[in-house]
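Pasted below: input.cif, mmCIF, C-alpha atoms, pLDDT in the B column; chains and numbers go by the auth columns.
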```cif
data_start
loop_
_atom_site.group_PDB
_atom_site.id
_atom_site.type_symbol
_atom_site.label_atom_id
_atom_site.label_comp_id
_atom_site.label_asym_id
_atom_site.label_seq_id
_atom_site.Cartn_x
_atom_site.Cartn_y
_atom_site.Cartn_z
_atom_site.B_iso_or_equiv
_atom_site.auth_seq_id
_atom_site.auth_asym_id
ATOM 1 C CA MET A 1 -2.884 6.211 11.246 91.00 300 T
ATOM 2 C CA ARG A 2 -0.437 3.349 11.649 94.00 301 T
ATOM 3 C CA ALA A 3 2.594 3.569 9.341 95.00 302 T
ATOM 4 C CA PHE A 4 5.613 1.360 8.790 94.00 303 T
ATOM 5 C CA ARG A 5 8.693 1.417 6.587 95.00 304 T
ATOM 6 C CA ILE A 6 9.303 -1.870 4.775 93.00 305 T
ATOM 7 C CA ARG A 7 13.023 -2.575 4.662 91.00 306 T
ATOM 8 C CA GLN A 8 13.007 -6.099 3.229 89.00 307 T
ATOM 9 C CA SER A 9 11.183 -5.252 -0.033 93.00 308 T
ATOM 10 C CA SER A 10 12.694 -3.947 -3.243 93.00 309 T
ATOM 11 C CA VAL A 11 9.258 -2.814 -4.485 94.00 310 T
ATOM 12 C CA ILE A 12 7.330 -1.514 -1.463 95.00 311 T
ATOM 13 C CA ASP A 13 8.815 1.311 0.614 95.00 312 T
ATOM 14 C CA ARG A 14 6.102 2.120 3.177 96.00 313 T
ATOM 15 C CA ILE A 15 2.637 1.072 4.223 97.00 314 T
ATOM 16 C CA ALA A 16 0.097 2.919 6.338 97.00 315 T
ATOM 17 C CA TYR A 17 -3.396 2.125 7.541 97.00 316 T
ATOM 18 C CA ASP A 18 -6.205 4.434 8.604 97.00 317 T
ATOM 19 C CA ASP A 19 -8.388 2.392 10.964 97.00 318 T
ATOM 20 C CA ALA A 20 -11.292 4.851 10.921 97.00 319 T
ATOM 21 C CA ALA A 21 -11.494 4.890 7.109 97.00 320 T
ATOM 22 C CA ALA A 22 -10.320 1.275 6.540 98.00 321 T
ATOM 23 C CA THR A 23 -7.874 2.637 3.982 97.00 322 T
ATOM 24 C CA LEU A 24 -4.494 1.092 3.225 98.00 323 T
ATOM 25 C CA CYS A 25 -1.819 3.307 1.668 97.00 324 T
ATOM 26 C CA ILE A 26 1.117 1.683 -0.063 96.00 325 T
ATOM 27 C CA GLU A 27 4.123 3.656 -1.268 95.00 326 T
ATOM 28 C CA PHE A 28 5.834 1.754 -4.059 94.00 327 T
ATOM 29 C CA ARG A 29 9.457 2.542 -4.824 92.00 328 T
ATOM 30 C CA GLY A 30 9.562 4.540 -8.040 86.00 329 T
ATOM 31 C CA THR A 31 5.849 4.417 -8.912 89.00 330 T
ATOM 32 C CA GLY A 32 4.172 6.381 -6.146 91.00 331 T
ATOM 33 C CA THR A 33 1.519 5.947 -3.503 95.00 332 T
ATOM 34 C CA TYR A 34 -1.770 4.120 -3.924 96.00 333 T
ATOM 35 C CA HIS A 35 -4.811 4.035 -1.652 97.00 334 T
ATOM 36 C CA TYR A 36 -6.786 0.801 -1.217 98.00 335 T
ATOM 37 C CA PHE A 37 -10.294 1.204 0.199 98.00 336 T
ATOM 38 C CA ASP A 38 -12.418 -0.959 2.530 98.00 337 T
ATOM 39 C CA VAL A 39 -9.430 -3.049 3.593 98.00 338 T
ATOM 40 C CA PRO A 40 -10.028 -4.952 6.841 98.00 339 T
ATOM 41 C CA ALA A 41 -7.542 -4.267 9.651 98.00 340 T
ATOM 42 C CA GLU A 42 -6.663 -7.978 9.681 98.00 341 T
ATOM 43 C CA VAL A 43 -5.363 -7.703 6.111 98.00 342 T
ATOM 44 C CA PHE A 44 -3.134 -4.782 7.091 97.00 343 T
ATOM 45 C CA ASP A 45 -1.816 -6.664 10.117 97.00 344 T
ATOM 46 C CA GLY A 46 -1.062 -9.717 7.981 97.00 345 T
ATOM 47 C CA PHE A 47 0.645 -7.511 5.389 97.00 346 T
ATOM 48 C CA ARG A 48 2.780 -5.834 8.028 95.00 347 T
ATOM 49 C CA HIS A 49 3.955 -9.166 9.454 94.00 348 T
ATOM 50 C CA ALA A 50 4.334 -11.089 6.186 95.00 349 T
ATOM 51 C CA SER A 51 7.698 -12.689 5.489 94.00 350 T
ATOM 52 C CA SER A 52 7.305 -11.537 1.860 95.00 351 T
ATOM 53 C CA VAL A 53 5.278 -8.339 1.511 95.00 352 T
ATOM 54 C CA GLY A 54 5.373 -8.637 -2.288 94.00 353 T
ATOM 55 C CA ALA A 55 3.838 -12.114 -2.242 96.00 354 T
ATOM 56 C CA PHE A 56 1.273 -11.018 0.350 97.00 355 T
ATOM 57 C CA PHE A 57 0.352 -7.981 -1.749 97.00 356 T
ATOM 58 C CA ASN A 58 -0.126 -10.083 -4.883 97.00 357 T
ATOM 59 C CA GLU A 59 -2.186 -12.736 -3.104 97.00 358 T
ATOM 60 C CA HIS A 60 -4.310 -10.700 -0.680 98.00 359 T
ATOM 61 C CA ILE A 61 -4.508 -7.077 -1.900 98.00 360 T
ATOM 62 C CA LYS A 62 -3.855 -6.611 -5.619 97.00 361 T
ATOM 63 C CA ASP A 63 -7.086 -6.670 -7.663 97.00 362 T
ATOM 64 C CA ARG A 64 -9.162 -7.358 -4.507 98.00 363 T
ATOM 65 C CA PHE A 65 -9.842 -3.808 -3.286 98.00 364 T
ATOM 66 C CA ARG A 66 -10.824 -0.585 -5.001 97.00 365 T
ATOM 67 C CA CYS A 67 -7.635 1.347 -5.627 96.00 366 T
ATOM 68 C CA GLN A 68 -6.701 4.922 -6.510 96.00 367 T
ATOM 69 C CA ARG A 69 -3.355 6.549 -7.153 93.00 368 T
ATOM 70 C CA ASP A 70 -2.612 9.290 -4.632 88.00 369 T
ATOM 71 C CA PRO A 71 -4.280 12.327 -6.235 72.00 370 T
ATOM 72 C CA GLY A 72 -1.846 14.694 -4.521 72.00 371 T
ATOM 73 C CA ARG A 73 1.150 13.189 -6.270 64.00 372 T
ATOM 74 C CA ARG A 74 2.175 14.777 -9.536 57.00 373 T
ATOM 75 C CA ARG A 75 3.838 12.768 -12.236 56.00 374 T
ATOM 76 C CA PHE A 76 6.728 14.093 -14.245 53.00 375 T
ATOM 77 C CA GLY A 77 8.370 12.902 -17.407 47.00 376 T
ATOM 78 C CA SER A 78 7.148 11.714 -20.778 48.00 377 T
ATOM 79 C CA ASN A 79 4.297 9.659 -19.259 49.00 378 T
ATOM 80 C CA ALA A 80 2.894 12.536 -17.197 46.00 379 T
#
```
Entire entry expressed as C-alpha cells:
Amino acid sequence: MRAFRIRQSSVIDRIAYDDAAATLCIEFRGTGTYHYFDVPAEVFDGFRHASSVGAFFNEHIKDRFRCQRDPGRRRFGSNA
C-alpha cells in the first residue's frame, strides 16, 4: 500500500492506494474515509502529483468509480 499525507488541501487529509486491489482510499477531513474501487494506478499517481488535489478529485475520481464509506468507521452524533 502506498500512502501519502496531503498538506496543501483543506478537504483531503490522506490518500492511499492498494496496487494489488486497485483500490484508492481517501481520508477527507471531518467526513471520514472512502474506498474507490477499480482505480487505475495512473489515476492515483496523477492525484498524488496534482497541483490541486480537490480539482483533480472532482474531475477524475468523483462519480467515476464505485465508492464505499469505510465500513470500519463509526459515525457519532445526530446523523449517526
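The closest residue to Asp344 in chain T, picked from T:Ala315, T:Ala320, T:Ser309, T:Glu358 and counting all atoms listed in the file, is T:Ala315.
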*Apply the PyMOL selection byres ((chain T and resi 321-325) around 12) to the file shown and report the selected residues as a PyMOL selection string.*
chain T and resi 300-305+310-320+326-344+346-347+352-353+356+360-361+364-369
Box centre and edge lengths (Å, one decimal), axis-aligned, range 306-322 of chain T plus 3 Å each side, as lines of an AutoDock Vina configuration file:
```
center_x = 0.8
center_y = -0.6
center_z = 3.2
size_x = 30.5
size_y = 17.0
size_z = 21.4
```
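Of the residues listed (T:Asp362, T:Asn357, T:Gly371, T:Ala349), T:Ala349 shows the shortest atom-to-atom separation from Gln307 in chain T; distances use all atoms listed in the file.
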